[in-house]
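> So that you have it, the file is run.cif, and it contains mmCIF, C-alpha atoms:
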data_input
loop_
_atom_site.label_atom_id
_atom_site.label_comp_id
_atom_site.auth_asym_id
_atom_site.auth_seq_id
_atom_site.Cartn_x
_atom_site.Cartn_y
_atom_site.Cartn_z
CA MET A 1 20.29 23.14 -4.64
CA GLY A 2 16.78 22.76 -6.01
CA HIS A 3 15.74 25.99 -7.71
CA GLY A 4 13.16 26.31 -10.47
CA SER A 5 10.44 23.80 -11.29
CA TYR A 6 9.99 20.91 -13.66
CA GLN A 7 8.37 21.61 -17.02
CA SER A 8 7.33 18.94 -19.51
CA LYS A 9 8.33 21.19 -22.41
CA ASP A 10 11.91 21.16 -21.10
CA TRP A 11 11.85 17.36 -21.16
CA ASP A 12 10.61 17.41 -24.75
CA ARG A 13 13.45 19.73 -25.68
CA LEU A 14 16.03 17.53 -23.93
CA ARG A 15 14.69 14.42 -25.66
CA SER A 16 15.08 16.12 -28.99
CA ASP A 17 18.57 17.46 -28.22
CA ARG A 18 19.79 14.05 -27.01
CA ASN A 19 17.87 12.11 -29.68
CA ILE A 20 16.12 9.99 -27.05
CA ASN A 21 13.54 7.72 -28.64
CA SER A 22 11.96 4.31 -28.28
CA GLN A 23 14.93 2.66 -29.99
CA SER A 24 17.59 4.22 -27.73
CA THR A 25 19.80 1.73 -25.88
CA VAL A 26 21.60 2.15 -22.57
CA GLN A 27 24.78 2.93 -24.53
CA ASP A 28 22.94 5.61 -26.52
CA LEU A 29 21.49 7.20 -23.38
CA TYR A 30 24.44 7.05 -21.00
CA GLN A 31 27.50 8.01 -22.98
CA SER A 32 29.95 8.87 -20.19
CA LYS A 33 33.07 6.69 -20.34
CA SER A 34 34.03 7.24 -16.70
CA MET A 35 32.56 8.82 -13.58
CA LYS A 36 32.20 12.57 -13.97
CA ALA A 37 33.72 14.69 -11.19
CA HIS A 38 30.42 16.35 -10.27
CA LEU A 39 28.86 12.93 -9.60
CA ASN A 40 31.73 11.59 -7.48
CA PRO A 41 30.75 11.38 -3.78
CA TYR A 42 34.39 11.37 -2.67
CA GLY A 43 35.05 14.41 -0.48
CA VAL A 44 31.47 15.69 -0.70
CA LYS A 45 30.47 17.21 2.63
CA TYR A 46 26.77 17.53 1.85
CA ARG A 47 24.27 17.46 -0.97
CA GLU A 48 21.59 19.94 0.08
CA SER A 49 17.86 20.15 -0.51
CA CYS A 50 17.08 23.71 0.53
CA ASP A 51 13.90 25.75 0.57
CA SER A 52 13.84 28.66 -1.88
CA LEU A 53 11.45 31.23 -3.33
CA ASP A 54 10.57 28.72 -6.07
CA ASN A 55 10.25 25.83 -3.63
CA PRO A 56 9.41 27.14 -0.15
CA ALA A 57 8.45 23.72 1.27
CA SER A 58 10.97 21.40 -0.38
CA THR A 59 10.82 17.60 -0.08
CA ALA A 60 13.98 15.58 -0.66
CA ILE A 61 13.58 12.46 -2.80
CA ILE A 62 16.46 10.11 -3.60
CA VAL A 63 16.19 7.45 -6.31
CA GLY A 64 19.06 4.95 -6.35
CA LEU A 65 19.39 2.83 -9.49
CA ASP A 66 21.40 -0.36 -9.76
CA VAL A 67 23.68 0.23 -12.78
CA THR A 68 25.38 -3.17 -12.80
CA GLY A 69 25.33 -5.36 -15.90
CA SER A 70 21.97 -7.05 -15.43
CA MET A 71 20.04 -3.84 -14.78
CA GLY A 72 20.47 -1.90 -18.02
CA TYR A 73 16.76 -2.13 -18.79
CA LEU A 74 15.95 -0.19 -15.59
CA SER A 75 18.13 2.83 -16.39
CA GLU A 76 16.85 2.69 -19.96
CA SER A 77 13.22 2.80 -18.79
CA ILE A 78 13.90 5.69 -16.40
CA ALA A 79 15.62 7.78 -19.05
CA LYS A 80 13.13 7.11 -21.85
CA GLY A 81 10.05 8.21 -19.97
CA ALA A 82 9.59 7.05 -16.38
CA LEU A 83 11.40 10.07 -14.97
CA ASN A 84 9.25 12.52 -16.90
CA ARG A 85 6.04 10.74 -15.94
CA THR A 86 7.11 10.50 -12.31
CA MET A 87 7.64 14.25 -12.11
CA LEU A 88 4.34 14.98 -13.83
CA GLU A 89 2.47 12.58 -11.54
CA ILE A 90 4.08 14.11 -8.43
CA TYR A 91 2.98 17.58 -9.51
CA ASP A 92 -0.47 16.34 -10.47
CA LYS A 93 -1.19 14.14 -7.41
CA ASN A 94 0.79 16.25 -4.93
CA PRO A 95 1.93 13.47 -2.55
CA VAL A 96 4.64 15.84 -1.31
CA THR A 97 5.37 19.54 -1.68
CA ASN A 98 8.09 20.97 -3.91
CA PRO A 99 9.97 17.77 -4.88
CA HIS A 100 13.74 17.89 -5.06
CA ILE A 101 15.14 14.80 -6.81
CA MET A 102 18.58 13.25 -6.44
CA PHE A 103 19.60 10.26 -8.54
CA GLN A 104 22.19 7.79 -7.40
CA ALA A 105 23.87 5.16 -9.56
CA ILE A 106 24.73 2.14 -7.43
CA GLY A 107 27.27 -0.57 -8.14
CA ASP A 108 29.57 -2.71 -6.00
CA SER A 109 32.08 -1.08 -3.67
CA ARG A 110 34.00 -4.35 -3.48
CA SER A 111 34.80 -4.43 -7.19
CA ASP A 112 33.68 -1.38 -9.20
CA GLN A 113 35.59 1.76 -10.09
CA ALA A 114 32.48 3.90 -9.59
CA PRO A 115 30.34 2.12 -6.99
CA LEU A 116 28.28 5.22 -6.20
CA GLN A 117 27.48 8.33 -8.24
CA THR A 118 25.25 11.08 -6.88
CA THR A 119 23.57 14.01 -8.59
CA GLN A 120 22.57 17.18 -6.81
CA PHE A 121 19.05 17.61 -5.50
CA GLU A 122 17.27 19.39 -8.35
CA ALA A 123 13.75 20.63 -9.03
CA ASP A 124 13.87 21.32 -12.78
CA ILE A 125 15.16 19.70 -15.98
CA ARG A 126 18.61 19.41 -14.43
CA ILE A 127 17.22 16.27 -12.78
CA ALA A 128 17.25 14.55 -16.18
CA GLU A 129 20.40 16.26 -17.45
CA GLN A 130 22.44 15.02 -14.51
CA LEU A 131 20.91 11.54 -14.72
CA LEU A 132 22.14 11.25 -18.30
CA ASP A 133 25.66 12.18 -17.15
CA VAL A 134 25.85 8.93 -15.17
CA TYR A 135 28.61 6.49 -16.08
CA PHE A 136 26.90 3.15 -16.70
CA GLU A 137 29.74 0.95 -15.54
CA GLY A 138 27.71 -2.21 -16.01
CA ARG A 139 29.86 -4.46 -13.85
CA GLY A 140 29.08 -5.69 -10.33
CA GLY A 141 31.22 -8.20 -8.56
CA GLY A 142 29.43 -11.51 -9.07
CA ASN A 143 29.78 -11.86 -5.31
CA GLY A 144 26.19 -12.38 -4.20
CA GLY A 145 25.12 -8.77 -3.83
CA GLU A 146 25.51 -5.09 -4.64
CA SER A 147 26.29 -2.08 -2.46
CA TYR A 148 22.84 -0.54 -2.03
CA LEU A 149 23.85 0.37 1.51
CA LEU A 150 26.14 3.06 0.04
CA SER A 151 22.94 4.97 -0.70
CA TRP A 152 21.90 4.81 2.96
CA TYR A 153 25.34 5.86 4.18
CA PHE A 154 25.40 8.88 1.89
CA ALA A 155 21.81 9.87 2.72
CA ALA A 156 22.44 9.63 6.46
CA ARG A 157 25.79 11.40 6.60
CA HIS A 158 26.16 13.52 3.49
CA THR A 159 22.77 15.14 2.87
CA LYS A 160 21.17 18.17 4.53
CA ILE A 161 17.45 18.40 3.81
CA ASP A 162 15.24 21.26 4.93
CA CYS A 163 12.09 19.14 4.97
CA PHE A 164 13.54 17.28 7.95
CA GLU A 165 15.75 19.87 9.57
CA LYS A 166 13.17 22.68 9.43
CA ARG A 167 9.86 20.81 9.52
CA GLN A 168 10.69 17.35 10.91
CA GLU A 169 9.16 15.80 7.78
CA LYS A 170 11.09 12.91 6.33
CA GLY A 171 12.36 12.78 2.79
CA PHE A 172 12.02 9.66 0.64
CA LEU A 173 14.68 7.22 -0.51
CA PHE A 174 13.95 4.54 -3.11
CA THR A 175 16.54 2.03 -4.28
CA ILE A 176 15.89 -0.41 -7.11
CA GLY A 177 17.77 -3.55 -8.11
CA ASP A 178 17.65 -7.31 -8.51
CA GLU A 179 20.41 -8.50 -6.17
CA CYS A 180 20.82 -8.88 -2.43
CA CYS A 181 22.33 -6.09 -0.41
CA HIS A 182 25.84 -6.59 0.95
CA LYS A 183 25.48 -7.01 4.70
CA THR A 184 28.47 -4.89 5.74
CA LEU A 185 30.31 -1.79 4.60
CA SER A 186 33.93 -1.75 5.67
CA ARG A 187 36.13 1.12 6.79
CA ASP A 188 38.28 0.68 3.68
CA GLU A 189 35.24 0.83 1.38
CA ILE A 190 33.99 3.99 3.09
CA THR A 191 37.37 5.66 2.78
CA ARG A 192 37.72 4.70 -0.87
CA VAL A 193 34.23 5.79 -1.92
CA PHE A 194 33.62 8.80 0.33
CA GLY A 195 37.00 9.80 1.74
CA ASP A 196 35.59 9.54 5.27
CA LYS A 197 37.77 8.40 8.15
CA ILE A 198 35.77 6.38 10.67
CA PRO A 199 36.86 4.67 13.91
CA GLU A 200 34.67 1.61 13.35
CA THR A 201 35.98 -1.29 11.30
CA GLN A 202 32.63 -1.65 9.52
CA TYR A 203 28.90 -0.91 9.63
CA THR A 204 26.18 -3.44 9.06
CA ALA A 205 23.49 -2.83 6.47
CA LYS A 206 20.90 -2.85 9.24
CA GLU A 207 22.76 -0.11 11.13
CA LEU A 208 22.96 2.10 8.05
CA PHE A 209 19.32 1.49 7.14
CA GLU A 210 18.23 2.52 10.63
CA GLU A 211 20.47 5.60 10.60
CA ALA A 212 19.18 6.80 7.23
CA SER A 213 15.60 6.02 8.32
CA GLU A 214 15.85 8.76 10.92
CA LYS A 215 15.29 11.35 8.18
CA TYR A 216 14.11 9.33 5.16
CA GLU A 217 11.22 6.99 4.45
CA ILE A 218 13.10 4.16 2.76
CA PHE A 219 11.83 1.56 0.30
CA HIS A 220 13.64 -0.92 -1.90
CA ILE A 221 12.11 -2.28 -5.09
CA VAL A 222 13.38 -5.79 -5.78
CA MET A 223 13.27 -6.52 -9.50
CA LYS A 224 12.11 -10.08 -10.20
CA ALA A 225 14.73 -10.71 -12.87
CA GLY A 226 18.46 -11.22 -13.24
CA SER A 227 19.83 -12.61 -9.98
CA TYR A 228 16.47 -12.53 -8.21
CA SER A 229 15.78 -16.30 -8.34
CA VAL A 230 19.34 -17.52 -7.77
CA GLN A 231 19.96 -15.25 -4.80
CA GLN A 232 16.39 -15.38 -3.46
CA SER A 233 16.82 -11.66 -3.12
CA GLY A 234 13.17 -10.95 -2.33
CA LYS A 235 13.39 -12.97 0.89
CA ASP A 236 16.82 -11.53 1.67
CA TRP A 237 15.50 -7.97 1.39
CA ARG A 238 12.45 -8.71 3.53
CA ASP A 239 14.73 -10.15 6.19
CA LEU A 240 16.74 -6.93 6.06
CA ILE A 241 14.10 -4.18 5.88
CA GLY A 242 10.78 -5.93 6.36
CA ASN A 243 7.77 -4.90 4.28
CA ARG A 244 9.61 -1.91 2.89
CA ALA A 245 11.00 -4.40 0.38
CA ILE A 246 8.68 -4.46 -2.66
CA GLU A 247 8.93 -7.07 -5.40
CA LEU A 248 8.25 -5.95 -8.97
CA HIS A 249 8.29 -7.79 -12.29
CA PRO A 250 10.08 -5.94 -15.13
CA ASP A 251 6.84 -6.05 -17.14
CA ASP A 252 5.36 -3.68 -14.57
CA LEU A 253 8.05 -0.99 -14.83
CA ASP A 254 5.63 1.03 -16.94
CA VAL A 255 3.70 1.86 -13.74
CA LEU A 256 6.80 2.80 -11.71
CA PRO A 257 5.68 6.47 -11.49
CA GLU A 258 2.36 5.37 -9.97
CA ILE A 259 4.24 3.17 -7.51
CA PHE A 260 6.51 6.03 -6.38
CA VAL A 261 3.57 8.38 -5.86
CA SER A 262 1.46 5.75 -4.10
CA LEU A 263 4.25 4.84 -1.67
CA MET A 264 4.76 8.48 -0.77
CA GLN A 265 1.04 8.94 -0.19
CA TYR A 266 0.83 5.74 1.86
CA ALA A 267 3.75 6.75 4.07
CA LYS A 268 2.07 10.13 4.55
CA GLY A 269 -1.08 8.43 5.83
CA SER A 270 -3.40 8.16 2.82
CA GLY A 271 -5.66 5.09 2.77
CA THR A 272 -5.53 2.34 0.18
CA ASP A 273 -8.96 3.13 -1.30
CA GLU A 274 -8.08 6.80 -1.67
CA ILE A 275 -4.80 5.96 -3.38
CA LEU A 276 -6.28 3.41 -5.78
CA ALA A 277 -9.13 5.74 -6.80
CA GLN A 278 -6.70 8.06 -8.62
CA TRP A 279 -5.32 5.35 -10.93
CA ASN A 280 -6.70 3.42 -13.88
CA GLY A 281 -6.07 0.08 -15.57
CA LYS A 282 -2.97 -1.93 -14.75
CA ALA A 283 -1.70 0.56 -12.16
CA VAL A 284 -4.66 -0.23 -9.90
CA ASP A 285 -3.82 -3.93 -9.68
CA VAL A 286 -0.08 -3.43 -9.25
CA VAL A 287 -0.40 -0.74 -6.58
CA LYS A 288 -3.14 -2.64 -4.77
CA SER A 289 -0.92 -5.72 -4.51
CA ILE A 290 2.02 -3.67 -3.25
CA LEU A 291 0.02 -1.87 -0.57
CA ARG A 292 -1.57 -5.12 0.57
CA ASP A 293 1.87 -6.67 1.05
CA ILE A 294 3.20 -3.64 2.91
CA GLY A 295 0.50 -3.75 5.57
CA THR A 296 -0.57 -1.01 7.94
CA LEU A 297 0.86 2.19 9.33
CA SER A 298 1.66 2.99 12.93
CA GLY A 299 2.18 6.68 13.52
CA ASP A 300 4.70 7.73 10.88
CA HIS A 301 6.40 4.34 10.72
CA LEU A 302 5.39 1.26 8.80
CA ILE A 303 4.79 -1.89 10.79
CA TRP A 304 7.09 -4.68 9.63
#
Is it possible to give me this structure as structure tokens?


Amino acid sequence: MGHGSYQSKDWDRLRSDRNINSQSTVQDLYQSKSMKAHLNPYGVKYRESCDSLDNPASTAIIVGLDVTGSMGYLSESIAKGALNRTMLEIYDKNPVTNPHIMFQAIGDSRSDQAPLQTTQFEADIRIAEQLLDVYFEGRGGGNGGESYLLSWYFAARHTKIDCFEKRQEKGFLFTIGDECCHKTLSRDEITRVFGDKIPETQYTAKELFEEASEKYEIFHIVMKAGSYSVQQSGKDWRDLIGNRAIELHPDDLDVLPEIFVSLMQYAKGSGTDEILAQWNGKAVDVVKSILRDIGTLSGDHLIW
């Protein structure tokens, strides 16, 4: 998948058709009452990001959103404008070539009916159309974490991306949420969510992170709200994935597009001064703080 290209006029048309405005709530935006079949990862062999005439040097980008009860404001922000601005900033700043975007909706595989939903990799307005098809289950298990590691499992085992397979260039995978990550994914959970039969009884989160990291640059944005303080999820994420865990206050979600672009540029080897020079106002301070906390690069891997 991944034909065509993103056009702002198509976003304007979709906003009008769906009546998306500043007053829209999560319930207004995400109207599905159950998981749609085309978003169900069960039985999916691969989601593909393939080069095409429109996109001859495609780059796979996965954005996984926590859609449990406390995170409605995140999905609302993405749908109302952050997605459109992210695409425009990627085309303007060119951190990667020919972006192909997949959205994932992440819940809890220990309690939810739809713990993972996955769109196709798309390059045009279908990115937004499929995002709005997501079933906002709004649950979560109240069990000290969510199943962000489902995103890593799917990326590692159920995606084929030409940027890596043809050019040995990694894609990007961003997950966003306020809770800790469950530390294991059991055989029963994998079978229920994906339909896969595995010999192991479980995988650890660390194992799945490392496996997915073979072909994706992975970052997690820890939202400093909801369960953040109770669970001390910032520390928990740093213990799990090092400085690829980035803490963000909800008040700074308005610069999420700048954060995405800056992290891609940083992972590709751009320097901090070069990155900051392209931004203005609040984005400069937020991005500067994030890059300072991440640290330095070694080859094509971040030092933890």

> Starting from the PyMOL selection byres ((chain A and resi 101-109) around 6), expand the selection into actual residues of this file and give them as an MDAnalysis selection string.

chainID A and resid 61:68 100 110:112 115:122 140 146:147

> I want to know what sits within 9 Å of Cys181 of chain A, based on all atoms listed in the file, with residues of the same chain fewer than 3 positions away left out; could you give that as a CSV table (one decimal) with C-alpha atoms, in the frame of the given file?


chain,number,residue,atom,x,y,z
A,144,GLY,CA,26.2,-12.4,-4.2
A,145,GLY,CA,25.1,-8.8,-3.8
A,146,GLU,CA,25.5,-5.1,-4.6
A,147,SER,CA,26.3,-2.1,-2.5
A,148,TYR,CA,22.8,-0.5,-2.0
A,149,LEU,CA,23.8,0.4,1.5
A,184,THR,CA,28.5,-4.9,5.7
A,205,ALA,CA,23.5,-2.8,6.5
A,233,SER,CA,16.8,-11.7,-3.1
A,236,ASP,CA,16.8,-11.5,1.7
A,237,TRP,CA,15.5,-8.0,1.4
A,240,LEU,CA,16.7,-6.9,6.1

> Let me make sure I understand: among A:Arg126, A:Asp254, A:Ile294, A:Gly43, which one has the smallest atom-to-atom distance to Thr191 of chain A if we use all atoms listed in the file?

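Going through A:Arg126, A:Asp254, A:Ile294, A:Gly43 one by one, the smallest distance to Thr191 of chain A is for A:Gly43.
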
> The PyMOL selection byres ((chain A and resi 11-14) around 8) - which residues does that actually catch in the file I just gave you? List them as a CSV table (one decimal) with C-alpha atoms, keeping the file's coordinate frame.


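The resulting file, result23.csv, is reproduced below:
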chain,number,residue,atom,x,y,z
A,7,GLN,CA,8.4,21.6,-17.0
A,8,SER,CA,7.3,18.9,-19.5
A,9,LYS,CA,8.3,21.2,-22.4
A,10,ASP,CA,11.9,21.2,-21.1
A,15,ARG,CA,14.7,14.4,-25.7
A,16,SER,CA,15.1,16.1,-29.0
A,17,ASP,CA,18.6,17.5,-28.2
A,18,ARG,CA,19.8,14.0,-27.0
A,84,ASN,CA,9.2,12.5,-16.9
A,125,ILE,CA,15.2,19.7,-16.0
A,128,ALA,CA,17.2,14.6,-16.2
A,129,GLU,CA,20.4,16.3,-17.4

> Can you list what the PyMOL selection byres ((chain A and resi 207) around 10) grabs from this structure, as a list in words?

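That selection, the PyMOL selection byres ((chain A and resi 207) around 10), comes back as Leu149, Trp152, Tyr153, Lys183, Thr184, Tyr203, Thr204, Ala205, Lys206, Leu208, Phe209, Glu210, Glu211, Ala212 and Ser213 of chain A.
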
> Compare A:Gln202, A:Thr159, A:Ser289, A:Ser34 by their minimum atom-to-atom distance to Gly171 of chain A, counting only C-alpha atoms, and give me the closest one.

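The shortest atom-to-atom distance to Gly171 of chain A comes from A:Thr159.
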
> Using all atoms listed in the file, which of A:Lys224, A:Arg187, A:Arg157, A:Lys45 sits nearest Met71 of chain A?

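For Met71 of chain A, the nearest of the candidates is A:Lys224.
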
> Hey, can you check how far atom CA of Met35 of chain A sits from atom CA of Lys80 of chain A?

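We find that atom CA of Met35 of chain A and atom CA of Lys80 of chain A lie 21.2 Å from each other.
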
> Just give me the residues with any atom within 10 Å of (12.6, 2.7, -4.5), file coordinates, counting only C-alpha atoms, written as a list in words.

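I get Ile61, Ile62, Val63, Gly64, Leu65, Phe172, Leu173, Phe174, Thr175, Ile176, Gly177, Ile218, Phe219, His220, Ile221, Val222, Arg244, Ala245, Ile246, Leu256, Ile259, Phe260 and Leu263 of chain A for the residues within 10 Å of that point.
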
> Report, in Å with one decimal, the straight-line distance from atom CA of Ile161 of chain A to atom CA of Ala37 of chain A.

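Calculated distance between atom CA of Ile161 of chain A and atom CA of Ala37 of chain A is 22.4 Å.
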
> What does the structure give for the distance between atom CA of Gly142 of chain A and atom CA of Ile190 of chain A, in Å to one decimal?

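These atoms are spaced 20.2 Å apart.
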
> Would you please work out which residue, of A:Asp51, A:Glu258, A:Asp252, A:Glu200, is nearest to Asp162 of chain A when using only C-alpha atoms?

A:Asp51

> Kindly provide, as a ChimeraX atom specification, the polymer residues lying within 12 Å of (22.3, 9.7, -23.3), counting all atoms listed in the file and using the coordinates exactly as they appear in the file.

/A:14-21,24-33,75-76,78-80,128-136

> Excluding Ser270 of chain A and any residue of its chain fewer than 2 positions from it, enumerate the residues within 12 Å of it, using all atoms listed in the file, and give them as a PDB file with C-alpha atoms, in the frame of the given file.


ATOM      1  CA  ASN A  94       0.790  16.250  -4.930  1.00  0.00           C
ATOM      2  CA  PRO A  95       1.930  13.470  -2.550  1.00  0.00           C
ATOM      3  CA  VAL A  96       4.640  15.840  -1.310  1.00  0.00           C
ATOM      4  CA  VAL A 261       3.570   8.380  -5.860  1.00  0.00           C
ATOM      5  CA  SER A 262       1.460   5.750  -4.100  1.00  0.00           C
ATOM      6  CA  LEU A 263       4.250   4.840  -1.670  1.00  0.00           C
ATOM      7  CA  MET A 264       4.760   8.480  -0.770  1.00  0.00           C
ATOM      8  CA  GLN A 265       1.040   8.940  -0.190  1.00  0.00           C
ATOM      9  CA  TYR A 266       0.830   5.740   1.860  1.00  0.00           C
ATOM     10  CA  ALA A 267       3.750   6.750   4.070  1.00  0.00           C
ATOM     11  CA  LYS A 268       2.070  10.130   4.550  1.00  0.00           C
ATOM     12  CA  THR A 272      -5.530   2.340   0.180  1.00  0.00           C
ATOM     13  CA  ASP A 273      -8.960   3.130  -1.300  1.00  0.00           C
ATOM     14  CA  GLU A 274      -8.080   6.800  -1.670  1.00  0.00           C
ATOM     15  CA  ILE A 275      -4.800   5.960  -3.380  1.00  0.00           C
ATOM     16  CA  LEU A 276      -6.280   3.410  -5.780  1.00  0.00           C
ATOM     17  CA  ALA A 277      -9.130   5.740  -6.800  1.00  0.00           C
ATOM     18  CA  GLN A 278      -6.700   8.060  -8.620  1.00  0.00           C
ATOM     19  CA  LEU A 291       0.020  -1.870  -0.570  1.00  0.00           C
ATOM     20  CA  THR A 296      -0.570  -1.010   7.940  1.00  0.00           C
ATOM     21  CA  LEU A 297       0.860   2.190   9.330  1.00  0.00           C
ATOM     22  CA  ASP A 300       4.700   7.730  10.880  1.00  0.00           C
TER      23      ASP A 300
END

> Using only C-alpha atoms, find the one residue out of A:Pro99, A:Gly4, A:Pro250, A:Pro41 that sits nearest to Ala60 of chain A.

A:Pro99

> If you take every atom of segment 179-182 of chain A that the file lists and fit an axis-aligned box around them with 3 Å extra on each side, what centre and edge lengths come out in Å to one decimal, as AutoDock Vina command-line options?


--center_x 23.1 --center_y -7.5 --center_z -2.6 --size_x 11.4 --size_y 8.8 --size_z 13.1

> Could you pull the residues within 6 Å of Asn98 of chain A, counting all atoms listed in the file, minus those fewer than 3 positions along the same chain, as a list in words?

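Result of the neighbour search: Asn55, Ala57, Ser58 and Thr59 of chain A.
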
> Could you check which of A:Ser52, A:Cys180, A:Cys163, A:Ala283 is closest to Arg238 of chain A, using all atoms listed in the file?

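Selected residue with least distance to Arg238 of chain A: A:Cys180.
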